[in-house]
$ cat input.pdb   # PDB, C-alpha atoms and all ligand atoms
MODEL        1
ATOM      1  CA  MET A  88      -1.486  38.665 -44.874
ATOM      2  CA  ARG A  89      -2.565  35.441 -46.587
ATOM      3  CA  HIS A  90      -5.409  33.081 -45.750
ATOM      4  CA  LEU A  91      -6.472  29.753 -47.239
ATOM      5  CA  MET A  92     -10.144  29.570 -48.226
ATOM      6  CA  SER A  93      -9.929  27.488 -51.401
ATOM      7  CA  PRO A  94      -7.185  25.375 -52.963
ATOM      8  CA  LEU A  95      -7.200  27.891 -55.820
ATOM      9  CA  ASP A  96      -5.839  30.601 -53.504
ATOM     10  CA  PHE A  97      -2.391  29.277 -54.387
ATOM     11  CA  THR A  98      -1.059  29.172 -57.944
ATOM     12  CA  THR A  99       0.229  25.792 -59.137
ATOM     13  CA  GLN A 100       3.787  27.150 -58.757
ATOM     14  CA  GLU A 101       3.054  28.143 -55.153
ATOM     15  CA  LEU A 102       1.568  24.698 -54.556
ATOM     16  CA  ASP A 103       4.740  23.106 -55.920
ATOM     17  CA  ARG A 104       6.791  25.130 -53.431
ATOM     18  CA  LEU A 105       4.429  24.111 -50.617
ATOM     19  CA  PHE A 106       4.704  20.417 -51.568
ATOM     20  CA  ASP A 107       8.509  20.648 -51.873
ATOM     21  CA  LEU A 108       8.532  22.084 -48.364
ATOM     22  CA  ALA A 109       6.219  19.298 -47.123
ATOM     23  CA  ASN A 110       8.544  16.659 -48.637
ATOM     24  CA  ASP A 111      11.538  18.356 -47.030
ATOM     25  CA  ILE A 112       9.759  18.316 -43.657
ATOM     26  CA  GLU A 113       8.999  14.611 -44.172
ATOM     27  CA  HIS A 114      12.695  13.822 -44.623
ATOM     28  CA  ASN A 115      14.211  16.341 -42.174
ATOM     29  CA  LYS A 116      11.805  16.468 -39.244
ATOM     30  CA  ALA A 117      14.382  17.599 -36.695
ATOM     31  CA  ARG A 118      15.203  20.705 -38.717
ATOM     32  CA  TYR A 119      11.641  21.997 -38.269
ATOM     33  CA  ALA A 120      11.075  21.003 -34.639
ATOM     34  CA  HIS A 121      11.421  24.593 -33.380
ATOM     35  CA  ALA A 122      10.328  26.514 -36.452
ATOM     36  CA  CYS A 123       7.171  27.772 -34.697
ATOM     37  CA  ASP A 124       8.509  28.214 -31.158
ATOM     38  CA  GLY A 125       6.321  30.736 -29.345
ATOM     39  CA  LYS A 126       3.553  30.691 -31.980
ATOM     40  CA  ILE A 127      -0.047  29.729 -31.213
ATOM     41  CA  LEU A 128      -2.564  28.010 -33.475
ATOM     42  CA  ALA A 129      -6.277  28.333 -32.613
ATOM     43  CA  THR A 130      -8.501  25.486 -33.827
ATOM     44  CA  CYS A 131     -12.116  26.689 -33.962
ATOM     45  CA  PHE A 132     -14.227  23.666 -34.876
ATOM     46  CA  TYR A 133     -17.999  24.199 -34.998
ATOM     47  CA  GLU A 134     -18.479  20.744 -36.513
ATOM     48  CA  PRO A 135     -17.119  17.274 -35.611
ATOM     49  CA  SER A 136     -13.684  16.257 -36.828
ATOM     50  CA  THR A 137     -10.958  13.843 -35.816
ATOM     51  CA  ARG A 138      -8.331  13.973 -38.520
ATOM     52  CA  THR A 139      -8.445  17.568 -39.572
ATOM     53  CA  ARG A 140      -8.353  19.032 -36.068
ATOM     54  CA  LEU A 141      -5.838  16.576 -34.681
ATOM     55  CA  SER A 142      -3.630  16.805 -37.762
ATOM     56  CA  PHE A 143      -3.547  20.598 -37.373
ATOM     57  CA  GLU A 144      -2.723  20.201 -33.692
ATOM     58  CA  SER A 145      -0.078  17.605 -34.457
ATOM     59  CA  ALA A 146       1.387  19.827 -37.203
ATOM     60  CA  MET A 147       1.709  22.880 -34.930
ATOM     61  CA  THR A 148       3.052  20.806 -32.033
ATOM     62  CA  ARG A 149       5.653  19.169 -34.293
ATOM     63  CA  LEU A 150       6.760  22.661 -35.314
ATOM     64  CA  GLY A 151       7.320  23.600 -31.666
ATOM     65  CA  GLY A 152       4.249  25.838 -31.384
ATOM     66  CA  SER A 153       1.200  25.485 -29.150
ATOM     67  CA  VAL A 154      -2.499  25.030 -29.743
ATOM     68  CA  ILE A 155      -5.657  26.437 -28.181
ATOM     69  CA  GLY A 156      -9.241  26.000 -29.332
ATOM     70  CA  PHE A 157     -12.598  24.298 -29.116
ATOM     71  CA  SER A 158     -13.885  21.217 -30.855
ATOM     72  CA  ASP A 159     -17.619  21.716 -30.840
ATOM     73  CA  ALA A 160     -19.848  24.739 -31.095
ATOM     74  CA  GLY A 161     -21.655  23.762 -27.877
ATOM     75  CA  SER A 162     -18.551  24.412 -25.794
ATOM     76  CA  SER A 163     -17.843  27.810 -27.407
ATOM     77  CA  SER A 164     -19.668  31.122 -27.035
ATOM     78  CA  ALA A 165     -21.465  30.339 -30.300
ATOM     79  CA  SER A 166     -23.921  28.557 -28.006
ATOM     80  CA  LYS A 167     -24.573  31.971 -26.368
ATOM     81  CA  GLY A 168     -25.154  33.535 -29.766
ATOM     82  CA  GLU A 169     -21.739  35.030 -30.510
ATOM     83  CA  SER A 170     -21.102  35.691 -34.209
ATOM     84  CA  VAL A 171     -18.172  34.214 -36.112
ATOM     85  CA  SER A 172     -16.914  37.736 -36.821
ATOM     86  CA  ASP A 173     -16.790  38.612 -33.106
ATOM     87  CA  THR A 174     -15.192  35.282 -32.227
ATOM     88  CA  ILE A 175     -12.379  35.763 -34.736
ATOM     89  CA  ARG A 176     -11.717  39.344 -33.550
ATOM     90  CA  VAL A 177     -11.124  37.918 -30.097
ATOM     91  CA  ILE A 178      -9.142  34.881 -31.294
ATOM     92  CA  SER A 179      -6.901  37.325 -33.189
ATOM     93  CA  CYS A 180      -5.775  38.611 -29.763
ATOM     94  CA  TYR A 181      -4.986  35.123 -28.500
ATOM     95  CA  ALA A 182      -3.353  33.308 -31.410
ATOM     96  CA  ASP A 183      -1.113  33.820 -34.459
ATOM     97  CA  ILE A 184      -3.081  31.659 -36.906
ATOM     98  CA  CYS A 185      -6.525  30.035 -36.900
ATOM     99  CA  ALA A 186      -7.981  26.883 -38.503
ATOM    100  CA  MET A 187     -11.780  27.012 -38.659
ATOM    101  CA  ARG A 188     -14.377  24.377 -39.551
ATOM    102  CA  HIS A 189     -18.031  25.366 -39.780
ATOM    103  CA  PRO A 190     -21.243  23.680 -40.965
ATOM    104  CA  LYS A 191     -22.259  26.891 -42.789
ATOM    105  CA  GLU A 192     -20.764  27.401 -46.221
ATOM    106  CA  GLY A 193     -18.752  30.629 -46.312
ATOM    107  CA  ALA A 194     -18.396  31.036 -42.511
ATOM    108  CA  PRO A 195     -14.556  30.875 -42.608
ATOM    109  CA  MET A 196     -14.688  33.558 -45.312
ATOM    110  CA  VAL A 197     -16.629  35.845 -42.944
ATOM    111  CA  ALA A 198     -14.011  35.114 -40.288
ATOM    112  CA  MET A 199     -11.218  35.965 -42.725
ATOM    113  CA  GLU A 200     -12.767  39.366 -43.430
ATOM    114  CA  HIS A 201     -12.672  40.299 -39.740
ATOM    115  CA  SER A 202      -9.440  38.616 -38.775
ATOM    116  CA  LEU A 203      -6.076  40.094 -37.874
ATOM    117  CA  ILE A 204      -4.380  36.694 -38.265
ATOM    118  CA  PRO A 205      -4.285  34.154 -41.139
ATOM    119  CA  VAL A 206      -7.416  31.985 -41.284
ATOM    120  CA  ILE A 207      -7.472  28.504 -42.788
ATOM    121  CA  ASN A 208     -10.767  27.028 -43.966
ATOM    122  CA  ALA A 209     -10.800  23.556 -42.392
ATOM    123  CA  GLY A 210     -14.084  22.628 -44.111
ATOM    124  CA  ASP A 211     -17.247  24.690 -44.627
ATOM    125  CA  GLY A 212     -20.463  22.699 -45.038
ATOM    126  CA  GLY A 213     -20.637  20.836 -48.345
ATOM    127  CA  HIS A 214     -18.536  23.541 -50.017
ATOM    128  CA  GLN A 215     -14.750  23.308 -49.737
ATOM    129  CA  HIS A 216     -12.089  21.495 -47.773
ATOM    130  CA  PRO A 217      -8.832  22.989 -49.057
ATOM    131  CA  THR A 218      -6.410  21.385 -46.594
ATOM    132  CA  GLN A 219      -7.790  17.941 -47.448
ATOM    133  CA  THR A 220      -7.183  18.819 -51.090
ATOM    134  CA  LEU A 221      -3.607  19.864 -50.333
ATOM    135  CA  THR A 222      -3.225  16.499 -48.582
ATOM    136  CA  ASP A 223      -4.665  14.658 -51.595
ATOM    137  CA  LEU A 224      -2.448  16.531 -54.065
ATOM    138  CA  LEU A 225       0.691  15.970 -51.992
ATOM    139  CA  THR A 226      -0.155  12.255 -51.697
ATOM    140  CA  ILE A 227      -0.661  11.911 -55.452
ATOM    141  CA  ARG A 228       2.469  13.914 -56.281
ATOM    142  CA  SER A 229       4.601  11.969 -53.787
ATOM    143  CA  LEU A 230       3.346   8.468 -54.672
ATOM    144  CA  LYS A 231       2.691   8.870 -58.402
ATOM    145  CA  GLY A 232       5.492  11.351 -59.091
ATOM    146  CA  SER A 233       3.261  13.828 -60.934
ATOM    147  CA  LEU A 234      -0.003  15.743 -60.809
ATOM    148  CA  SER A 235      -0.770  15.358 -64.488
ATOM    149  CA  GLY A 236      -1.616  12.668 -67.004
ATOM    150  CA  PHE A 237      -3.949  10.293 -65.164
ATOM    151  CA  THR A 238      -7.484   8.946 -65.010
ATOM    152  CA  ILE A 239      -9.039   9.441 -61.578
ATOM    153  CA  GLY A 240     -12.229   7.756 -60.426
ATOM    154  CA  LEU A 241     -14.163   9.533 -57.684
ATOM    155  CA  CYS A 242     -16.652   7.200 -56.063
ATOM    156  CA  GLY A 243     -19.489   7.531 -53.548
ATOM    157  CA  ASP A 244     -21.170  10.710 -52.376
ATOM    158  CA  LEU A 245     -20.201  13.170 -55.098
ATOM    159  CA  LYS A 246     -23.144  15.423 -54.281
ATOM    160  CA  PHE A 247     -22.399  16.337 -50.677
ATOM    161  CA  GLY A 248     -18.720  15.413 -50.412
ATOM    162  CA  ARG A 249     -16.799  18.667 -50.058
ATOM    163  CA  THR A 250     -13.446  16.902 -50.402
ATOM    164  CA  VAL A 251     -14.552  15.783 -53.880
ATOM    165  CA  HIS A 252     -15.636  19.288 -54.891
ATOM    166  CA  SER A 253     -12.384  20.813 -53.676
ATOM    167  CA  LEU A 254     -10.216  18.157 -55.326
ATOM    168  CA  ILE A 255     -11.892  18.483 -58.733
ATOM    169  CA  HIS A 256     -11.421  22.256 -58.681
ATOM    170  CA  ALA A 257      -7.756  21.822 -57.858
ATOM    171  CA  LEU A 258      -7.045  19.097 -60.434
ATOM    172  CA  VAL A 259      -8.475  20.931 -63.435
ATOM    173  CA  ARG A 260      -5.408  23.171 -63.408
ATOM    174  CA  TYR A 261      -3.139  20.231 -64.295
ATOM    175  CA  GLU A 262      -2.590  18.701 -67.746
ATOM    176  CA  ASP A 263      -4.306  15.688 -69.173
ATOM    177  CA  ILE A 264      -6.592  14.615 -66.308
ATOM    178  CA  HIS A 265      -9.651  12.496 -67.096
ATOM    179  CA  PHE A 266     -12.399  12.243 -64.465
ATOM    180  CA  VAL A 267     -14.649   9.232 -63.944
ATOM    181  CA  PHE A 268     -17.508  10.051 -61.555
ATOM    182  CA  ILE A 269     -18.933   6.898 -59.984
ATOM    183  CA  SER A 270     -22.102   7.416 -57.962
ATOM    184  CA  PRO A 271     -25.735   6.463 -57.630
ATOM    185  CA  GLU A 272     -28.068   8.765 -59.562
ATOM    186  CA  GLU A 273     -29.073  10.614 -56.363
ATOM    187  CA  LEU A 274     -25.489  11.443 -55.398
ATOM    188  CA  LYS A 275     -24.136  12.727 -58.682
ATOM    189  CA  VAL A 276     -21.621  15.542 -58.792
ATOM    190  CA  PRO A 277     -23.429  18.949 -58.778
ATOM    191  CA  ASP A 278     -24.216  20.618 -62.108
ATOM    192  CA  TYR A 279     -22.025  23.617 -61.381
ATOM    193  CA  ILE A 280     -19.030  21.284 -61.416
ATOM    194  CA  THR A 281     -19.901  19.505 -64.682
ATOM    195  CA  GLU A 282     -20.622  22.932 -66.237
ATOM    196  CA  MET A 283     -17.179  24.102 -65.172
ATOM    197  CA  LEU A 284     -15.579  20.974 -66.702
ATOM    198  CA  LYS A 285     -17.463  21.458 -69.969
ATOM    199  CA  ALA A 286     -16.451  25.118 -70.136
ATOM    200  CA  ARG A 287     -12.797  24.128 -69.670
ATOM    201  CA  GLU A 288     -13.116  21.233 -72.150
ATOM    202  CA  ILE A 289     -12.017  18.699 -69.551
ATOM    203  CA  THR A 290     -13.133  15.145 -70.230
ATOM    204  CA  TYR A 291     -15.322  13.311 -67.719
ATOM    205  CA  GLU A 292     -17.772  10.406 -67.556
ATOM    206  CA  GLU A 293     -20.586   9.711 -65.108
ATOM    207  CA  VAL A 294     -21.201   6.027 -64.363
ATOM    208  CA  THR A 295     -22.834   3.913 -61.665
ATOM    209  CA  SER A 296     -20.800   0.707 -61.934
ATOM    210  CA  LEU A 297     -17.480   0.716 -60.081
ATOM    211  CA  GLU A 298     -16.527  -2.743 -61.410
ATOM    212  CA  ASP A 299     -16.793  -1.649 -65.048
ATOM    213  CA  VAL A 300     -14.299   1.188 -64.722
ATOM    214  CA  MET A 301     -11.782  -0.332 -62.261
ATOM    215  CA  PRO A 302      -9.370  -1.615 -64.958
ATOM    216  CA  ARG A 303      -9.030   1.882 -66.450
ATOM    217  CA  LEU A 304      -8.240   3.874 -63.308
ATOM    218  CA  ASP A 305      -4.856   5.200 -62.178
ATOM    219  CA  LEU A 306      -6.366   6.491 -58.948
ATOM    220  CA  LEU A 307      -9.563   5.685 -57.091
ATOM    221  CA  TYR A 308     -10.805   8.285 -54.597
ATOM    222  CA  MET A 309     -13.402   6.623 -52.363
ATOM    223  CA  THR A 310     -15.738   8.675 -50.175
ATOM    224  CA  ARG A 311     -18.224   8.141 -47.376
ATOM    225  CA  VAL A 312     -21.919   8.877 -47.870
ATOM    226  CA  GLN A 313     -22.281  12.168 -45.955
ATOM    227  CA  LYS A 314     -24.938  11.157 -43.448
ATOM    228  CA  GLU A 315     -25.063  14.555 -41.715
ATOM    229  CA  ARG A 316     -26.025  16.356 -44.937
ATOM    230  CA  PHE A 317     -29.031  14.153 -45.766
ATOM    231  CA  PHE A 318     -32.518  15.476 -45.221
ATOM    232  CA  ASN A 319     -34.026  12.104 -44.526
ATOM    233  CA  GLU A 320     -32.721   8.975 -42.834
ATOM    234  CA  GLU A 321     -34.417   6.587 -45.302
ATOM    235  CA  ASP A 322     -32.424   7.915 -48.256
ATOM    236  CA  TYR A 323     -29.212   7.623 -46.274
ATOM    237  CA  ILE A 324     -29.930   4.011 -45.310
ATOM    238  CA  ARG A 325     -30.773   3.119 -48.908
ATOM    239  CA  LEU A 326     -27.579   4.656 -50.296
ATOM    240  CA  LYS A 327     -24.958   4.161 -47.597
ATOM    241  CA  ASP A 328     -23.740   0.729 -48.749
ATOM    242  CA  PHE A 329     -24.117   1.323 -52.471
ATOM    243  CA  TYR A 330     -20.365   0.841 -52.996
ATOM    244  CA  ILE A 331     -18.135  -1.444 -50.994
ATOM    245  CA  LEU A 332     -14.596  -1.759 -52.271
ATOM    246  CA  ASP A 333     -13.350  -5.261 -51.467
ATOM    247  CA  LYS A 334     -10.633  -7.667 -52.596
ATOM    248  CA  ALA A 335     -12.719  -8.942 -55.509
ATOM    249  CA  LYS A 336     -13.093  -5.419 -56.924
ATOM    250  CA  MET A 337      -9.419  -4.649 -56.287
ATOM    251  CA  ALA A 338      -8.554  -7.703 -58.400
ATOM    252  CA  LEU A 339     -10.070  -5.887 -61.395
ATOM    253  CA  ALA A 340      -7.679  -2.929 -61.048
ATOM    254  CA  GLY A 341      -4.175  -2.467 -62.420
ATOM    255  CA  PRO A 342      -1.097  -3.147 -60.269
ATOM    256  CA  ASN A 343      -0.340   0.566 -59.807
ATOM    257  CA  MET A 344      -3.821   1.926 -59.151
ATOM    258  CA  LEU A 345      -3.799   3.747 -55.825
ATOM    259  CA  VAL A 346      -6.808   3.911 -53.517
ATOM    260  CA  LEU A 347      -7.257   7.193 -51.649
ATOM    261  CA  HIS A 348      -9.919   8.130 -49.085
ATOM    262  CA  PRO A 349     -10.102  11.330 -47.026
ATOM    263  CA  LEU A 350     -11.372   9.242 -44.068
ATOM    264  CA  PRO A 351     -13.354   8.608 -41.917
ATOM    265  CA  ARG A 352     -14.310   5.356 -43.596
ATOM    266  CA  VAL A 353     -17.635   3.732 -42.795
ATOM    267  CA  ASN A 354     -18.368   0.650 -44.945
ATOM    268  CA  GLU A 355     -17.206   1.803 -48.351
ATOM    269  CA  ILE A 356     -13.789   0.145 -48.122
ATOM    270  CA  SER A 357     -13.684  -3.312 -46.620
ATOM    271  CA  VAL A 358     -10.886  -3.698 -44.032
ATOM    272  CA  GLU A 359      -9.503  -6.589 -46.106
ATOM    273  CA  VAL A 360      -8.284  -3.978 -48.612
ATOM    274  CA  ASP A 361      -6.073  -2.267 -45.992
ATOM    275  CA  SER A 362      -3.210  -4.730 -46.489
ATOM    276  CA  ASP A 363      -3.226  -4.290 -50.281
ATOM    277  CA  PRO A 364      -0.084  -2.320 -51.275
ATOM    278  CA  ARG A 365      -2.288  -0.100 -53.455
ATOM    279  CA  ALA A 366      -4.274   1.113 -50.421
ATOM    280  CA  ALA A 367      -2.759   4.536 -49.726
ATOM    281  CA  TYR A 368      -5.316   6.119 -47.368
ATOM    282  CA  PHE A 369      -3.327   5.807 -44.163
ATOM    283  CA  GLN A 370      -0.223   7.198 -45.854
ATOM    284  CA  GLN A 371      -2.491  10.005 -47.093
ATOM    285  CA  ALA A 372      -3.347  10.838 -43.447
ATOM    286  CA  GLN A 373       0.391  11.068 -42.721
ATOM    287  CA  TYR A 374       0.900  13.438 -45.655
ATOM    288  CA  GLY A 375      -1.899  15.542 -44.150
ATOM    289  CA  VAL A 376       0.361  16.427 -41.222
ATOM    290  CA  TYR A 377       3.356  17.344 -43.409
ATOM    291  CA  VAL A 378       1.280  19.523 -45.703
ATOM    292  CA  ARG A 379      -0.339  21.335 -42.757
ATOM    293  CA  MET A 380       3.118  21.930 -41.269
ATOM    294  CA  ALA A 381       4.200  23.417 -44.604
ATOM    295  CA  LEU A 382       1.020  25.503 -44.769
ATOM    296  CA  ILE A 383       1.411  26.925 -41.263
ATOM    297  CA  LEU A 384       5.035  27.869 -42.009
ATOM    298  CA  THR A 385       4.037  29.472 -45.293
ATOM    299  CA  LEU A 386       1.104  31.517 -43.930
ATOM    300  CA  LEU A 387       3.178  32.665 -40.943
ATOM    301  CA  GLU A 388       5.927  33.621 -43.418
ATOM    302  CA  LEU A 389       8.436  31.465 -41.588
ATOM    303  CA  ALA A 390       9.402  29.320 -44.579
TER
HETATM  304  C1  LIG A 401     -13.740  14.751 -44.651
HETATM  305  C2  LIG A 401     -14.605  15.956 -44.349
HETATM  306  O1  LIG A 401     -14.643  16.394 -43.198
HETATM  307  O2  LIG A 401     -15.197  16.483 -45.278
HETATM  308  N1  LIG A 401     -12.981  14.318 -43.574
HETATM  309  C3  LIG A 401     -11.741  14.829 -43.408
HETATM  310  O3  LIG A 401     -11.567  15.969 -43.094
HETATM  311  N2  LIG A 401     -10.714  14.016 -43.658
HETATM  312  C4  LIG A 401     -14.459  13.651 -45.286
HETATM  313  C5  LIG A 401     -15.691  13.125 -44.600
HETATM  314  O4  LIG A 401     -16.076  13.573 -43.521
HETATM  315  O5  LIG A 401     -16.276  12.223 -45.179
ENDMDL
END

$ encode --input "input.pdb" --output "structure tokens" --more "lines below"
Ligand code: NCD
Amino acid sequence: MRHLMSPLDFTTQELDRLFDLANDIEHNKARYAHACDGKILATCFYEPSTRTRLSFESAMTRLGGSVIGFSDAGSSSASKGESVSDTIRVISCYADICAMRHPKEGAPMVAMEHSLIPVINAGDGGHQHPTQTLTDLLTIRSLKGSLSGFTIGLCGDLKFGRTVHSLIHALVRYEDIHFVFISPEELKVPDYITEMLKAREITYEEVTSLEDVMPRLDLLYMTRVQKERFFNEEDYIRLKDFYILDKAKMALAGPNMLVLHPLPRVNEISVEVDSDPRAAYFQQAQYGVYVRMALILTLLELA
């Protein structure tokens, strides 16, 4: 039985197969409409989410399966003190596959160890967010045609943003990627990540000015300042509007530079950018459903 805890759980060849399947689903939706008839997905979300939970629910529903679950810890037995390991033992009796989000890093891993069904990490604290990474990789592969040979700028909260951490780990396995980390000093990418890049001899720069690097980027991955992971409100208020991508900044970029964002957006991308053909974040959300459909089929061994 396979689970998904980190994007590295799949080899790059397995990821290629998953993305081929996602692209096939995109173009032949009717063929997959009953692929999961009779199967049940449990969504166990101990932390707020719109996209991830609903995209999982949409994915399973579009495959003909059904969904059960809870969307905040307060409405589950966690509020009575039940452990994640007990919860998953019980969910294993009710469902065929489980997507779990938890504020504690490693909680989905604990669930996996006690589970009788495949568990998908749908985000654990500031640690990993593998299905967002699969979404990001599928978006890049589909819109750019390749997962190698580009300069990617990651901008915003590189310290707490788990989507950033997951994406960097996944991209280092591809050829010829150059990273440009754009953040205020306080929100720099953690040392364990720059150490990993140095050890693998992967080139990166750390800068604070978004304007300066715009002309050189093939992709710009914008992120929200992760309010819920700050220890004090003052720091959050000081840093939250540090970067605002607007039309003037977009004018500095090349004609093919794509803007990605895992969403939700707060202020970091002005709505005036939405109509720019290089703004790909809503398409990215659509790819998130196709890749989760492909993932469910793969983990249930139905593909
Ligand atoms: C991200 C997350 O939950 O980490 N959202 C998502 O799943 N698309 C990004 C964020 O919350 O900023």

$ axis_aligned_box --input "input.pdb" --around "stretch 222-241 of chain A" --padding-each-side "5 Å" --output "JSON"
{"center_x": -4.3, "center_y": 12.1, "center_z": -57.8, "size_x": 29.7, "size_y": 18.8, "size_z": 28.4}

$ resolve_selection --input "input.pdb" --expression "the PyMOL selection byres (((chain A and resi 241) around 7) and not hetatm)" --output "number ranges by chain"
A: 239-240, 242, 267-269, 307-309

$ write_last_selection --input "input.pdb" --atoms "C-alpha atoms" --output "PDB file, in the frame of the given file"
ATOM      1  CA  ILE A 239      -9.039   9.441 -61.578  1.00  0.00           C
ATOM      2  CA  GLY A 240     -12.229   7.756 -60.426  1.00  0.00           C
ATOM      3  CA  CYS A 242     -16.652   7.200 -56.063  1.00  0.00           C
ATOM      4  CA  VAL A 267     -14.649   9.232 -63.944  1.00  0.00           C
ATOM      5  CA  PHE A 268     -17.508  10.051 -61.555  1.00  0.00           C
ATOM      6  CA  ILE A 269     -18.933   6.898 -59.984  1.00  0.00           C
ATOM      7  CA  LEU A 307      -9.563   5.685 -57.091  1.00  0.00           C
ATOM      8  CA  TYR A 308     -10.805   8.285 -54.597  1.00  0.00           C
ATOM      9  CA  MET A 309     -13.402   6.623 -52.363  1.00  0.00           C
TER      10      MET A 309
END

$ residues_near_ligand --input "input.pdb" --ligand "ligand LIG 401 (chain A)" --cutoff "7 Å" --atoms "all atoms listed in the file" --output "ChimeraX atom specification"
/A:136,138-139,210,216,219,248-250,310-311,313,349-351

$ resolve_selection --input "input.pdb" --expression "the PyMOL selection byres (((chain A and resi 221-230) around 7) and not hetatm)" --output "number ranges by chain"
A: 106, 217-220, 231-234, 371, 374-375, 378

$ residues_near_point --input "input.pdb" --point "(-5.1, 2.5, -61.1)" --cutoff "10 Å" --atoms "only C-alpha atoms" --output "list of chain:residue names"
A:Phe237, A:Thr238, A:Ile239, A:Gly240, A:Val300, A:Met301, A:Pro302, A:Arg303, A:Leu304, A:Asp305, A:Leu306, A:Leu307, A:Met337, A:Leu339, A:Ala340, A:Gly341, A:Pro342, A:Asn343, A:Met344, A:Leu345, A:Val346, A:Arg365

$ residues_around --input "input.pdb" --residues "A:Cys180" --least-positions-apart "2" --cutoff "10 Å" --atoms "only C-alpha atoms" --output "count of residues only"
9

$ resolve_selection --input "input.pdb" --expression "the PyMOL selection byres (((chain A and resi 254-257) around 8) and not hetatm)" --output "PyMOL selection string"
chain A and resi 94-95+220+223+250-253+258-260

$ residues_around --input "input.pdb" --residues "A:Arg188" --least-positions-apart "3" --cutoff "12 Å" --atoms "all atoms listed in the file" --output "ChimeraX atom specification"
/A:92,129-137,139-140,143,156-160,171,185,191-196,198,206-218

$ write_last_selection --input "input.pdb" --atoms "C-alpha atoms" --output "PDB file, keeping the file's coordinate frame"
ATOM      1  CA  MET A  92     -10.144  29.570 -48.226  1.00  0.00           C
ATOM      2  CA  ALA A 129      -6.277  28.333 -32.613  1.00  0.00           C
ATOM      3  CA  THR A 130      -8.501  25.486 -33.827  1.00  0.00           C
ATOM      4  CA  CYS A 131     -12.116  26.689 -33.962  1.00  0.00           C
ATOM      5  CA  PHE A 132     -14.227  23.666 -34.876  1.00  0.00           C
ATOM      6  CA  TYR A 133     -17.999  24.199 -34.998  1.00  0.00           C
ATOM      7  CA  GLU A 134     -18.479  20.744 -36.513  1.00  0.00           C
ATOM      8  CA  PRO A 135     -17.119  17.274 -35.611  1.00  0.00           C
ATOM      9  CA  SER A 136     -13.684  16.257 -36.828  1.00  0.00           C
ATOM     10  CA  THR A 137     -10.958  13.843 -35.816  1.00  0.00           C
ATOM     11  CA  THR A 139      -8.445  17.568 -39.572  1.00  0.00           C
ATOM     12  CA  ARG A 140      -8.353  19.032 -36.068  1.00  0.00           C
ATOM     13  CA  PHE A 143      -3.547  20.598 -37.373  1.00  0.00           C
ATOM     14  CA  GLY A 156      -9.241  26.000 -29.332  1.00  0.00           C
ATOM     15  CA  PHE A 157     -12.598  24.298 -29.116  1.00  0.00           C
ATOM     16  CA  SER A 158     -13.885  21.217 -30.855  1.00  0.00           C
ATOM     17  CA  ASP A 159     -17.619  21.716 -30.840  1.00  0.00           C
ATOM     18  CA  ALA A 160     -19.848  24.739 -31.095  1.00  0.00           C
ATOM     19  CA  VAL A 171     -18.172  34.214 -36.112  1.00  0.00           C
ATOM     20  CA  CYS A 185      -6.525  30.035 -36.900  1.00  0.00           C
ATOM     21  CA  LYS A 191     -22.259  26.891 -42.789  1.00  0.00           C
ATOM     22  CA  GLU A 192     -20.764  27.401 -46.221  1.00  0.00           C
ATOM     23  CA  GLY A 193     -18.752  30.629 -46.312  1.00  0.00           C
ATOM     24  CA  ALA A 194     -18.396  31.036 -42.511  1.00  0.00           C
ATOM     25  CA  PRO A 195     -14.556  30.875 -42.608  1.00  0.00           C
ATOM     26  CA  MET A 196     -14.688  33.558 -45.312  1.00  0.00           C
ATOM     27  CA  ALA A 198     -14.011  35.114 -40.288  1.00  0.00           C
ATOM     28  CA  VAL A 206      -7.416  31.985 -41.284  1.00  0.00           C
ATOM     29  CA  ILE A 207      -7.472  28.504 -42.788  1.00  0.00           C
ATOM     30  CA  ASN A 208     -10.767  27.028 -43.966  1.00  0.00           C
ATOM     31  CA  ALA A 209     -10.800  23.556 -42.392  1.00  0.00           C
ATOM     32  CA  GLY A 210     -14.084  22.628 -44.111  1.00  0.00           C
ATOM     33  CA  ASP A 211     -17.247  24.690 -44.627  1.00  0.00           C
ATOM     34  CA  GLY A 212     -20.463  22.699 -45.038  1.00  0.00           C
ATOM     35  CA  GLY A 213     -20.637  20.836 -48.345  1.00  0.00           C
ATOM     36  CA  HIS A 214     -18.536  23.541 -50.017  1.00  0.00           C
ATOM     37  CA  GLN A 215     -14.750  23.308 -49.737  1.00  0.00           C
ATOM     38  CA  HIS A 216     -12.089  21.495 -47.773  1.00  0.00           C
ATOM     39  CA  PRO A 217      -8.832  22.989 -49.057  1.00  0.00           C
ATOM     40  CA  THR A 218      -6.410  21.385 -46.594  1.00  0.00           C
TER      41      THR A 218
END

$ closest_residue --input "input.pdb" --among "A:Ser164, A:Glu144, A:Thr98, A:Pro205" --to "A:Thr385" --atoms "all atoms listed in the file"
A:Pro205

$ residues_around --input "input.pdb" --residues "A:Arg149" --least-positions-apart "6" --cutoff "12 Å" --atoms "all atoms listed in the file" --output "number ranges by chain"
A: 112-113, 115-124, 126, 141-143, 376-377, 379-381, 383-384

$ atom_distance --input "input.pdb" --atom1 "atom CA of A:Glu298" --atom2 "atom CA of A:Ala338"
9.9 Å

$ atom_distance --input "input.pdb" --atom1 "atom CA of A:Lys327" --atom2 "atom CA of A:Val312"
5.6 Å

$ atom_distance --input "input.pdb" --atom1 "atom CA of A:Lys275" --atom2 "atom CA of A:Leu245"
5.3 Å

$ closest_residue --input "input.pdb" --among "A:Leu382, A:Leu347, A:Ala286, A:Val154" --to "A:Pro364" --atoms "all atoms listed in the file"
A:Leu347

$ closest_residue --input "input.pdb" --among "A:Leu128, A:Leu387, A:Leu332, A:Leu284" --to "A:Val360" --atoms "all atoms listed in the file"
A:Leu332
